[in-house]
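File shown: model.pdb. Contents: PDB, C-alpha atoms.
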```pdb
ATOM      1  CA  ALA A   1     117.290  91.584  97.931  1.00  0.00           C
ATOM      2  CA  GLN A   2     114.022  93.319  97.392  1.00  0.00           C
ATOM      3  CA  SER A   3     114.186  96.964  96.357  1.00  0.00           C
ATOM      4  CA  VAL A   4     111.965  99.804  95.254  1.00  0.00           C
ATOM      5  CA  THR A   5     113.005 102.385  92.685  1.00  0.00           C
ATOM      6  CA  GLN A   6     111.407 105.756  92.128  1.00  0.00           C
ATOM      7  CA  PRO A   7     113.369 107.069  89.143  1.00  0.00           C
ATOM      8  CA  ASP A   8     112.318 110.706  89.489  1.00  0.00           C
ATOM      9  CA  ILE A   9     113.713 112.631  92.450  1.00  0.00           C
ATOM     10  CA  HIS A  10     111.404 115.543  91.702  1.00  0.00           C
ATOM     11  CA  ILE A  11     108.731 116.349  89.139  1.00  0.00           C
ATOM     12  CA  THR A  12     107.238 119.726  88.266  1.00  0.00           C
ATOM     13  CA  VAL A  13     103.766 119.952  86.749  1.00  0.00           C
ATOM     14  CA  SER A  14     101.368 122.800  86.138  1.00  0.00           C
ATOM     15  CA  GLU A  15      98.223 123.039  88.191  1.00  0.00           C
ATOM     16  CA  GLY A  16      95.439 121.272  86.314  1.00  0.00           C
ATOM     17  CA  ALA A  17      97.823 119.042  84.365  1.00  0.00           C
ATOM     18  CA  SER A  18      97.913 115.278  84.652  1.00  0.00           C
ATOM     19  CA  LEU A  19     100.453 113.473  86.769  1.00  0.00           C
ATOM     20  CA  GLU A  20     102.210 110.127  86.684  1.00  0.00           C
ATOM     21  CA  LEU A  21     104.779 109.100  89.273  1.00  0.00           C
ATOM     22  CA  ARG A  22     106.798 106.003  88.547  1.00  0.00           C
ATOM     23  CA  CYS A  23     107.582 103.113  90.852  1.00  0.00           C
ATOM     24  CA  ASN A  24     109.392  99.893  90.040  1.00  0.00           C
ATOM     25  CA  TYR A  25     110.124  97.044  92.393  1.00  0.00           C
ATOM     26  CA  SER A  26     112.468  94.127  92.394  1.00  0.00           C
ATOM     27  CA  TYR A  27     110.895  90.947  93.704  1.00  0.00           C
ATOM     28  CA  GLY A  28     110.179  87.557  92.212  1.00  0.00           C
ATOM     29  CA  ALA A  29     106.564  87.253  93.233  1.00  0.00           C
ATOM     30  CA  THR A  30     103.831  89.856  93.464  1.00  0.00           C
ATOM     31  CA  PRO A  31     104.371  91.992  96.542  1.00  0.00           C
ATOM     32  CA  TYR A  32     101.882  94.086  98.435  1.00  0.00           C
ATOM     33  CA  LEU A  33     102.173  97.610  97.012  1.00  0.00           C
ATOM     34  CA  PHE A  34     101.583 100.978  98.627  1.00  0.00           C
ATOM     35  CA  TRP A  35     101.752 104.687  97.911  1.00  0.00           C
ATOM     36  CA  TYR A  36     102.148 107.120 100.794  1.00  0.00           C
ATOM     37  CA  VAL A  37     102.242 110.933 100.688  1.00  0.00           C
ATOM     38  CA  GLN A  38     104.196 113.238 102.959  1.00  0.00           C
ATOM     39  CA  SER A  39     103.027 116.828 103.046  1.00  0.00           C
ATOM     40  CA  PRO A  40     105.561 119.430 104.204  1.00  0.00           C
ATOM     41  CA  GLY A  41     106.248 119.164 107.934  1.00  0.00           C
ATOM     42  CA  GLN A  42     103.873 116.252 108.396  1.00  0.00           C
ATOM     43  CA  GLY A  43     103.974 112.516 108.727  1.00  0.00           C
ATOM     44  CA  LEU A  44     103.148 110.100 105.931  1.00  0.00           C
ATOM     45  CA  GLN A  45      99.599 109.231 104.930  1.00  0.00           C
ATOM     46  CA  LEU A  46      98.448 106.210 102.957  1.00  0.00           C
ATOM     47  CA  LEU A  47      97.069 107.085  99.509  1.00  0.00           C
ATOM     48  CA  LEU A  48      96.268 103.582  98.275  1.00  0.00           C
ATOM     49  CA  LYS A  49      97.387  99.986  98.341  1.00  0.00           C
ATOM     50  CA  TYR A  50      97.233  96.897  96.156  1.00  0.00           C
ATOM     51  CA  PHE A  51      97.135  93.345  97.383  1.00  0.00           C
ATOM     52  CA  SER A  52      95.389  91.410  94.631  1.00  0.00           C
ATOM     53  CA  GLY A  53      92.499  91.556  92.167  1.00  0.00           C
ATOM     54  CA  ASP A  54      91.777  94.498  89.909  1.00  0.00           C
ATOM     55  CA  THR A  55      95.105  95.985  88.889  1.00  0.00           C
ATOM     56  CA  LEU A  56      93.745  99.542  88.832  1.00  0.00           C
ATOM     57  CA  VAL A  57      93.404 100.798  92.385  1.00  0.00           C
ATOM     58  CA  GLN A  58      91.566 103.920  93.491  1.00  0.00           C
ATOM     59  CA  GLY A  59      92.818 105.926  96.438  1.00  0.00           C
ATOM     60  CA  ILE A  60      92.109 109.068  98.351  1.00  0.00           C
ATOM     61  CA  LYS A  61      92.399 112.609  97.006  1.00  0.00           C
ATOM     62  CA  GLY A  62      91.588 111.492  93.445  1.00  0.00           C
ATOM     63  CA  PHE A  63      94.713 109.358  92.997  1.00  0.00           C
ATOM     64  CA  GLU A  64      94.860 105.974  91.309  1.00  0.00           C
ATOM     65  CA  ALA A  65      97.617 103.486  90.619  1.00  0.00           C
ATOM     66  CA  GLU A  66      98.004 100.637  88.176  1.00  0.00           C
ATOM     67  CA  PHE A  67      99.889  97.442  88.885  1.00  0.00           C
ATOM     68  CA  LYS A  68     101.660  95.996  85.858  1.00  0.00           C
ATOM     69  CA  ARG A  69     103.199  92.625  86.621  1.00  0.00           C
ATOM     70  CA  SER A  70     105.097  92.418  83.327  1.00  0.00           C
ATOM     71  CA  GLN A  71     106.859  95.699  84.081  1.00  0.00           C
ATOM     72  CA  SER A  72     107.166  95.239  87.869  1.00  0.00           C
ATOM     73  CA  SER A  73     105.634  98.673  88.166  1.00  0.00           C
ATOM     74  CA  PHE A  74     103.025 100.408  90.286  1.00  0.00           C
ATOM     75  CA  ASN A  75     102.719 103.928  88.891  1.00  0.00           C
ATOM     76  CA  LEU A  76     100.640 106.590  90.590  1.00  0.00           C
ATOM     77  CA  ARG A  77      98.387 108.855  88.518  1.00  0.00           C
ATOM     78  CA  LYS A  78      96.072 111.794  88.897  1.00  0.00           C
ATOM     79  CA  PRO A  79      94.139 113.359  86.009  1.00  0.00           C
ATOM     80  CA  SER A  80      94.366 116.952  87.243  1.00  0.00           C
ATOM     81  CA  VAL A  81      96.655 118.124  90.025  1.00  0.00           C
ATOM     82  CA  HIS A  82      95.863 120.834  92.539  1.00  0.00           C
ATOM     83  CA  TRP A  83      98.323 123.096  94.328  1.00  0.00           C
ATOM     84  CA  SER A  84      97.566 121.172  97.523  1.00  0.00           C
ATOM     85  CA  ASP A  85      99.063 118.032  95.945  1.00  0.00           C
ATOM     86  CA  ALA A  86     102.562 119.481  96.322  1.00  0.00           C
ATOM     87  CA  ALA A  87     104.258 116.944  98.579  1.00  0.00           C
ATOM     88  CA  GLU A  88     106.659 114.046  98.545  1.00  0.00           C
ATOM     89  CA  TYR A  89     105.327 110.695  97.386  1.00  0.00           C
ATOM     90  CA  PHE A  90     106.694 107.361  98.484  1.00  0.00           C
ATOM     91  CA  CYS A  91     106.160 103.964  96.940  1.00  0.00           C
ATOM     92  CA  ALA A  92     106.635 100.970  99.211  1.00  0.00           C
ATOM     93  CA  VAL A  93     106.308  97.215  99.011  1.00  0.00           C
ATOM     94  CA  VAL A  94     105.838  94.414 101.489  1.00  0.00           C
ATOM     95  CA  THR A  95     107.038  90.979 100.533  1.00  0.00           C
ATOM     96  CA  ASP A  96     106.201  87.665 102.109  1.00  0.00           C
ATOM     97  CA  SER A  97     109.804  87.191 103.140  1.00  0.00           C
ATOM     98  CA  ASN A  98     109.794  89.669 106.016  1.00  0.00           C
ATOM     99  CA  TYR A  99     106.410  91.428 105.917  1.00  0.00           C
ATOM    100  CA  GLN A 100     107.910  94.851 106.544  1.00  0.00           C
ATOM    101  CA  LEU A 101     107.755  97.893 104.288  1.00  0.00           C
ATOM    102  CA  ILE A 102     110.603  98.496 101.859  1.00  0.00           C
ATOM    103  CA  TRP A 103     110.529 102.102 100.743  1.00  0.00           C
ATOM    104  CA  GLY A 104     111.504 103.962  97.622  1.00  0.00           C
ATOM    105  CA  ALA A 105     113.529 107.156  97.996  1.00  0.00           C
ATOM    106  CA  GLY A 106     110.534 109.332  97.181  1.00  0.00           C
ATOM    107  CA  THR A 107     109.509 111.762  94.448  1.00  0.00           C
ATOM    108  CA  LYS A 108     108.980 115.402  95.313  1.00  0.00           C
ATOM    109  CA  LEU A 109     106.066 116.912  93.397  1.00  0.00           C
ATOM    110  CA  ILE A 110     106.231 120.625  92.637  1.00  0.00           C
ATOM    111  CA  ILE A 111     103.139 122.386  91.302  1.00  0.00           C
ATOM    112  CA  LYS A 112     103.519 125.407  89.009  1.00  0.00           C
ATOM    113  CA  PRO A 113     100.712 127.950  89.289  1.00  0.00           C
TER     114      PRO A 113
ATOM    115  CA  ASN B   1      91.814 112.170 118.388  1.00  0.00           C
ATOM    116  CA  ALA B   2      95.394 113.364 118.227  1.00  0.00           C
ATOM    117  CA  GLY B   3      96.493 110.268 116.279  1.00  0.00           C
ATOM    118  CA  VAL B   4     100.238 109.690 116.609  1.00  0.00           C
ATOM    119  CA  THR B   5     102.237 112.304 118.469  1.00  0.00           C
ATOM    120  CA  GLN B   6     105.997 112.571 118.840  1.00  0.00           C
ATOM    121  CA  THR B   7     108.145 114.566 121.230  1.00  0.00           C
ATOM    122  CA  PRO B   8     110.329 116.456 120.855  1.00  0.00           C
ATOM    123  CA  LYS B   9     109.937 117.944 117.378  1.00  0.00           C
ATOM    124  CA  PHE B  10     113.566 119.014 117.221  1.00  0.00           C
ATOM    125  CA  GLN B  11     116.647 117.979 119.184  1.00  0.00           C
ATOM    126  CA  VAL B  12     120.351 118.731 119.006  1.00  0.00           C
ATOM    127  CA  LEU B  13     122.766 116.406 120.784  1.00  0.00           C
ATOM    128  CA  LYS B  14     126.491 116.214 121.170  1.00  0.00           C
ATOM    129  CA  THR B  15     128.310 113.019 120.282  1.00  0.00           C
ATOM    130  CA  GLY B  16     128.070 110.568 123.144  1.00  0.00           C
ATOM    131  CA  GLN B  17     124.952 112.011 124.733  1.00  0.00           C
ATOM    132  CA  SER B  18     121.889 109.886 125.243  1.00  0.00           C
ATOM    133  CA  MET B  19     118.238 110.690 124.794  1.00  0.00           C
ATOM    134  CA  THR B  20     114.800 109.159 124.389  1.00  0.00           C
ATOM    135  CA  LEU B  21     112.325 109.957 121.646  1.00  0.00           C
ATOM    136  CA  GLN B  22     108.743 109.551 122.693  1.00  0.00           C
ATOM    137  CA  CYS B  23     105.800 108.351 120.658  1.00  0.00           C
ATOM    138  CA  ALA B  24     102.189 108.089 121.726  1.00  0.00           C
ATOM    139  CA  GLN B  25      99.054 106.966 119.898  1.00  0.00           C
ATOM    140  CA  ASP B  26      95.448 107.253 120.985  1.00  0.00           C
ATOM    141  CA  MET B  27      93.889 104.934 118.381  1.00  0.00           C
ATOM    142  CA  ASN B  28      94.199 101.753 120.452  1.00  0.00           C
ATOM    143  CA  HIS B  29      96.544 100.323 117.848  1.00  0.00           C
ATOM    144  CA  ASN B  30      98.416  97.156 118.640  1.00  0.00           C
ATOM    145  CA  SER B  31     101.541  97.585 116.497  1.00  0.00           C
ATOM    146  CA  MET B  32     103.996 100.458 116.579  1.00  0.00           C
ATOM    147  CA  TYR B  33     107.085 101.248 114.542  1.00  0.00           C
ATOM    148  CA  TRP B  34     110.144 103.489 114.517  1.00  0.00           C
ATOM    149  CA  TYR B  35     111.683 104.611 111.219  1.00  0.00           C
ATOM    150  CA  ARG B  36     114.461 106.924 110.233  1.00  0.00           C
ATOM    151  CA  GLN B  37     114.413 109.039 107.074  1.00  0.00           C
ATOM    152  CA  ASP B  38     117.632 110.230 105.485  1.00  0.00           C
ATOM    153  CA  PRO B  39     117.999 112.486 102.424  1.00  0.00           C
ATOM    154  CA  GLY B  40     117.749 110.602  99.158  1.00  0.00           C
ATOM    155  CA  MET B  41     116.701 107.415 100.867  1.00  0.00           C
ATOM    156  CA  GLY B  42     113.430 105.849 101.740  1.00  0.00           C
ATOM    157  CA  LEU B  43     112.371 105.219 105.296  1.00  0.00           C
ATOM    158  CA  ARG B  44     114.233 102.483 107.097  1.00  0.00           C
ATOM    159  CA  LEU B  45     112.731 100.464 109.917  1.00  0.00           C
ATOM    160  CA  ILE B  46     114.642 100.619 113.184  1.00  0.00           C
ATOM    161  CA  TYR B  47     112.409  98.610 115.537  1.00  0.00           C
ATOM    162  CA  TYR B  48     108.811  97.575 115.724  1.00  0.00           C
ATOM    163  CA  SER B  49     106.457  96.248 118.350  1.00  0.00           C
ATOM    164  CA  ALA B  50     103.550  93.948 117.548  1.00  0.00           C
ATOM    165  CA  SER B  51     102.031  94.247 121.006  1.00  0.00           C
ATOM    166  CA  GLU B  52     102.583  95.725 124.429  1.00  0.00           C
ATOM    167  CA  GLY B  53     105.753  94.294 125.965  1.00  0.00           C
ATOM    168  CA  THR B  54     107.211  92.902 122.735  1.00  0.00           C
ATOM    169  CA  THR B  55     109.760  94.418 120.376  1.00  0.00           C
ATOM    170  CA  ASP B  56     111.640  93.246 117.294  1.00  0.00           C
ATOM    171  CA  LYS B  57     114.579  94.542 115.327  1.00  0.00           C
ATOM    172  CA  GLY B  58     114.114  96.111 111.946  1.00  0.00           C
ATOM    173  CA  GLU B  59     116.621  96.859 109.227  1.00  0.00           C
ATOM    174  CA  VAL B  60     118.863  99.302 111.150  1.00  0.00           C
ATOM    175  CA  PRO B  61     118.667  98.640 114.929  1.00  0.00           C
ATOM    176  CA  ASP B  62     122.305  99.208 115.891  1.00  0.00           C
ATOM    177  CA  GLY B  63     122.828 102.047 118.342  1.00  0.00           C
ATOM    178  CA  TYR B  64     119.167 102.160 119.377  1.00  0.00           C
ATOM    179  CA  ASN B  65     116.978 100.579 122.000  1.00  0.00           C
ATOM    180  CA  VAL B  66     113.214 100.608 122.429  1.00  0.00           C
ATOM    181  CA  SER B  67     110.598  99.926 125.037  1.00  0.00           C
ATOM    182  CA  ARG B  68     106.859  99.322 124.849  1.00  0.00           C
ATOM    183  CA  LEU B  69     105.709  99.203 128.466  1.00  0.00           C
ATOM    184  CA  LYS B  70     102.272 100.607 127.677  1.00  0.00           C
ATOM    185  CA  LYS B  71     100.158  99.890 124.621  1.00  0.00           C
ATOM    186  CA  GLN B  72      99.909 103.540 123.680  1.00  0.00           C
ATOM    187  CA  ASN B  73     103.602 104.432 124.028  1.00  0.00           C
ATOM    188  CA  PHE B  74     106.709 103.392 122.123  1.00  0.00           C
ATOM    189  CA  LEU B  75     110.029 104.884 123.184  1.00  0.00           C
ATOM    190  CA  LEU B  76     113.208 105.021 121.110  1.00  0.00           C
ATOM    191  CA  GLY B  77     116.484 105.444 122.953  1.00  0.00           C
ATOM    192  CA  LEU B  78     119.866 106.484 121.708  1.00  0.00           C
ATOM    193  CA  GLU B  79     122.454 105.189 124.131  1.00  0.00           C
ATOM    194  CA  SER B  80     125.469 107.119 122.861  1.00  0.00           C
ATOM    195  CA  ALA B  81     124.577 109.418 119.995  1.00  0.00           C
ATOM    196  CA  ALA B  82     126.758 109.503 116.895  1.00  0.00           C
ATOM    197  CA  PRO B  83     126.718 111.933 113.943  1.00  0.00           C
ATOM    198  CA  SER B  84     125.526 109.036 111.749  1.00  0.00           C
ATOM    199  CA  GLN B  85     122.291 109.104 113.728  1.00  0.00           C
ATOM    200  CA  THR B  86     121.460 112.587 112.476  1.00  0.00           C
ATOM    201  CA  SER B  87     118.131 111.987 110.779  1.00  0.00           C
ATOM    202  CA  VAL B  88     114.394 112.531 110.905  1.00  0.00           C
ATOM    203  CA  TYR B  89     112.690 109.910 113.024  1.00  0.00           C
ATOM    204  CA  PHE B  90     109.124 108.837 112.430  1.00  0.00           C
ATOM    205  CA  CYS B  91     106.901 106.797 114.659  1.00  0.00           C
ATOM    206  CA  ALA B  92     103.938 104.931 113.195  1.00  0.00           C
ATOM    207  CA  SER B  93     101.189 102.668 114.443  1.00  0.00           C
ATOM    208  CA  SER B  94      98.786 100.163 112.933  1.00  0.00           C
ATOM    209  CA  TYR B  95      95.771  98.244 114.204  1.00  0.00           C
ATOM    210  CA  GLY B  96      96.906  94.679 113.564  1.00  0.00           C
ATOM    211  CA  SER B  97      98.654  92.762 116.299  1.00  0.00           C
ATOM    212  CA  SER B  98     101.074  90.900 114.085  1.00  0.00           C
ATOM    213  CA  GLY B  99     103.473  93.760 113.402  1.00  0.00           C
ATOM    214  CA  LEU B 100     103.027  93.099 109.710  1.00  0.00           C
ATOM    215  CA  SER B 101     103.233  96.139 107.509  1.00  0.00           C
ATOM    216  CA  THR B 102     100.309  95.096 105.314  1.00  0.00           C
ATOM    217  CA  ASP B 103      98.120  97.036 107.728  1.00  0.00           C
ATOM    218  CA  THR B 104      97.735 100.736 107.084  1.00  0.00           C
ATOM    219  CA  GLN B 105     100.288 102.622 109.125  1.00  0.00           C
ATOM    220  CA  TYR B 106      99.547 106.004 110.683  1.00  0.00           C
ATOM    221  CA  PHE B 107     102.521 108.293 111.098  1.00  0.00           C
ATOM    222  CA  GLY B 108     103.499 110.982 113.535  1.00  0.00           C
ATOM    223  CA  PRO B 109     104.935 114.319 112.360  1.00  0.00           C
ATOM    224  CA  GLY B 110     108.535 113.302 112.994  1.00  0.00           C
ATOM    225  CA  THR B 111     111.455 114.340 115.187  1.00  0.00           C
ATOM    226  CA  ARG B 112     114.400 116.065 113.548  1.00  0.00           C
ATOM    227  CA  LEU B 113     117.565 115.017 115.385  1.00  0.00           C
ATOM    228  CA  THR B 114     120.997 116.521 114.831  1.00  0.00           C
ATOM    229  CA  VAL B 115     124.068 114.995 116.435  1.00  0.00           C
ATOM    230  CA  LEU B 116     127.110 117.242 116.464  1.00  0.00           C
TER     231      LEU B 116
END
```

Write the structure described by the file as structure tokens, please.
Amino acid sequence: AQSVTQPDIHITVSEGASLELRCNYSYGATPYLFWYVQSPGQGLQLLLKYFSGDTLVQGIKGFEAEFKRSQSSFNLRKPSVHWSDAAEYFCAVVTDSNYQLIWGAGTKLIIKP
Amino acid sequence: NAGVTQTPKFQVLKTGQSMTLQCAQDMNHNSMYWYRQDPGMGLRLIYYSASEGTTDKGEVPDGYNVSRLKKQNFLLGLESAAPSQTSVYFCASSYGSSGLSTDTQYFGPGTRLTVL
């Protein structure tokens, strides 16, 4: 069965530091890949998605993600985090077997002032 | 535009009670979805609707029912609430009419449900 793993339950970084959130998936072919963000008390918002083509994808709020087929990974990065980036981040995939989102458990990002 | 709205925001039920969670979207989206979010787990799809009048089961449909009588509304019913249904419920919508999750989904703020 397809699955998505986000190894880090929470990550703490200092404001202004760089960020990388990890995401690994289990699927034989290349899935459609997504990152969503959930700010406290709010619904989820799409940050970026990858379907095909250039493996480095730019998203909103200064985030980017890189698809690495050999590692079955789709890690999210930001060069310099802001206090407003404190939120929970979810990686998700869609496969061509059921075309519905399969979600990781999420990584909670904590920003130190 | 309000986007996706959900009512109520919070609800406490006793085991065996029934209730309906309401979801409305004003973006003229064709597809709508209900998810539940439990601690330490990702979202799980309960039901989805690719168009007005149609619904399909997701990963965890047992104990729930849905209706999509109007394009802008998607209702989630709990027939006989159980403690295992304590969760945060999210409604989402997307423009495509296939119900496929490759379209960007827009989420409501969630309903926190506790079943005692």

Any idea which chain A residues end up within 6 Å of chain B if we count only C-alpha atoms, as number ranges by chain please? A: 42-44, 99-101, 103-105

Keeping only C-alpha atoms, write the selected residues as a short mmCIF file (atom, residue, chain, number, x, y, z; two decimals), in the frame of the given file.
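Full text of selection-v3.cif as output:
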```
data_model
loop_
_atom_site.label_atom_id
_atom_site.label_comp_id
_atom_site.auth_asym_id
_atom_site.auth_seq_id
_atom_site.Cartn_x
_atom_site.Cartn_y
_atom_site.Cartn_z
CA GLN A 42 103.87 116.25 108.40
CA GLY A 43 103.97 112.52 108.73
CA LEU A 44 103.15 110.10 105.93
CA TYR A 99 106.41 91.43 105.92
CA GLN A 100 107.91 94.85 106.54
CA LEU A 101 107.76 97.89 104.29
CA TRP A 103 110.53 102.10 100.74
CA GLY A 104 111.50 103.96 97.62
CA ALA A 105 113.53 107.16 98.00
#
```

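Atom pair CA of Gln25 in chain B / CA of Val4 in chain A has a distance of 28.7 Å (rounded to one decimal).
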
Once the PyMOL selection byres ((chain A and resi 69-80) around 6) is applied to the coordinates I shared, what remains selected? I want it as a ChimeraX atom specification. /A:16-25,63-68,81

Find the residues with any atom within 12 Å of (128.2, 110.6, 111.2); use all atoms listed in the file and the coordinates as given in the file, and write the answer as a ChimeraX atom specification. /B:14-16,81-87,114-116

As a check of understanding: the span from CA of Ala92 in chain A to CA of Gln45 in chain A is 12.3 Å

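Taking CA of Ser26 in chain A and CA of Val93 in chain A as endpoints, the distance between them is 9.6 Å.
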
Between B:Tyr35, B:Tyr95, B:Phe10, B:Tyr89, which has the minimum distance to Gln72 in chain B (counting all atoms listed in the file)? B:Tyr95

The PyMOL selection byres ((chain B and resi 75) around 6) - which residues does that actually catch in the file I just gave you? List them as a PyMOL selection string. chain B and resi 21-22+66-67+74+76

Please provide the set of residues having any atom within 9 Å of Ile60 in chain A, restricted to all atoms listed in the file, with same-chain residues fewer than 6 positions apart removed, written as a list in words. Leu46, Leu47 and Leu48 of chain A

What residues come out when you apply the PyMOL selection byres ((chain B and resi 9) around 7) to this file, written as a count of residues only? 8

Tell me which protein, DNA and RNA residues are within 7 Å of Tyr47 in chain B, counting only C-alpha atoms, leaving out same-chain ones fewer than 5 positions away, and put them as a CSV table (one decimal) with C-alpha atoms, keeping the file's coordinate frame.
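As a result, result_39.csv now contains:
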```
chain,number,residue,atom,x,y,z
B,33,TYR,CA,107.1,101.2,114.5
B,34,TRP,CA,110.1,103.5,114.5
B,55,THR,CA,109.8,94.4,120.4
B,56,ASP,CA,111.6,93.2,117.3
B,57,LYS,CA,114.6,94.5,115.3
B,58,GLY,CA,114.1,96.1,111.9
B,61,PRO,CA,118.7,98.6,114.9
```

I need the residue nearest Leu56 in chain A from this list: A:Gln6, A:Ala1, A:Gly106, A:Leu33. Use only C-alpha atoms for the distance. A:Leu33

Once you add 3 Å to each side, what are the centre and edge lengths of the axis-aligned box holding all listed atoms of range 32-46 of chain A? One decimal in Å, as lines of an AutoDock Vina configuration file, if you can.
```
center_x = 102.3
center_y = 106.8
center_z = 102.9
size_x = 13.8
size_y = 31.3
size_z = 17.7
```

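Residues with any atom within 9 Å of Pro31 in chain A, counting all atoms listed in the file and excluding same-chain neighbours fewer than 4 positions away, are Tyr25, Tyr27, Tyr50, Phe51, Val93, Val94, Thr95 and Asp96 of chain A.
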
Render range 78-94 of chain B from the structure in the preceding block as a file of C-alpha atoms, as an mmCIF file, in the first residue's frame.
```cif
data_model
loop_
_atom_site.group_PDB
_atom_site.id
_atom_site.type_symbol
_atom_site.label_atom_id
_atom_site.label_comp_id
_atom_site.auth_asym_id
_atom_site.auth_seq_id
_atom_site.Cartn_x
_atom_site.Cartn_y
_atom_site.Cartn_z
ATOM 1 C CA LEU B 78 -22.996 10.739 12.240
ATOM 2 C CA GLU B 79 -25.825 8.292 12.746
ATOM 3 C CA SER B 80 -24.874 6.996 16.187
ATOM 4 C CA ALA B 81 -21.783 8.701 17.542
ATOM 5 C CA ALA B 82 -19.016 6.631 19.099
ATOM 6 C CA PRO B 83 -15.950 7.751 21.091
ATOM 7 C CA SER B 84 -13.785 6.544 18.179
ATOM 8 C CA GLN B 85 -15.290 9.358 16.129
ATOM 9 C CA THR B 86 -13.735 11.988 18.377
ATOM 10 C CA SER B 87 -11.631 13.927 15.900
ATOM 11 C CA VAL B 88 -11.207 17.156 13.984
ATOM 12 C CA TYR B 89 -13.218 17.137 10.788
ATOM 13 C CA PHE B 90 -12.200 19.123 7.748
ATOM 14 C CA CYS B 91 -14.215 19.881 4.676
ATOM 15 C CA ALA B 92 -12.467 20.784 1.431
ATOM 16 C CA SER B 93 -13.452 21.665 -2.103
ATOM 17 C CA SER B 94 -11.773 21.732 -5.494
#
```
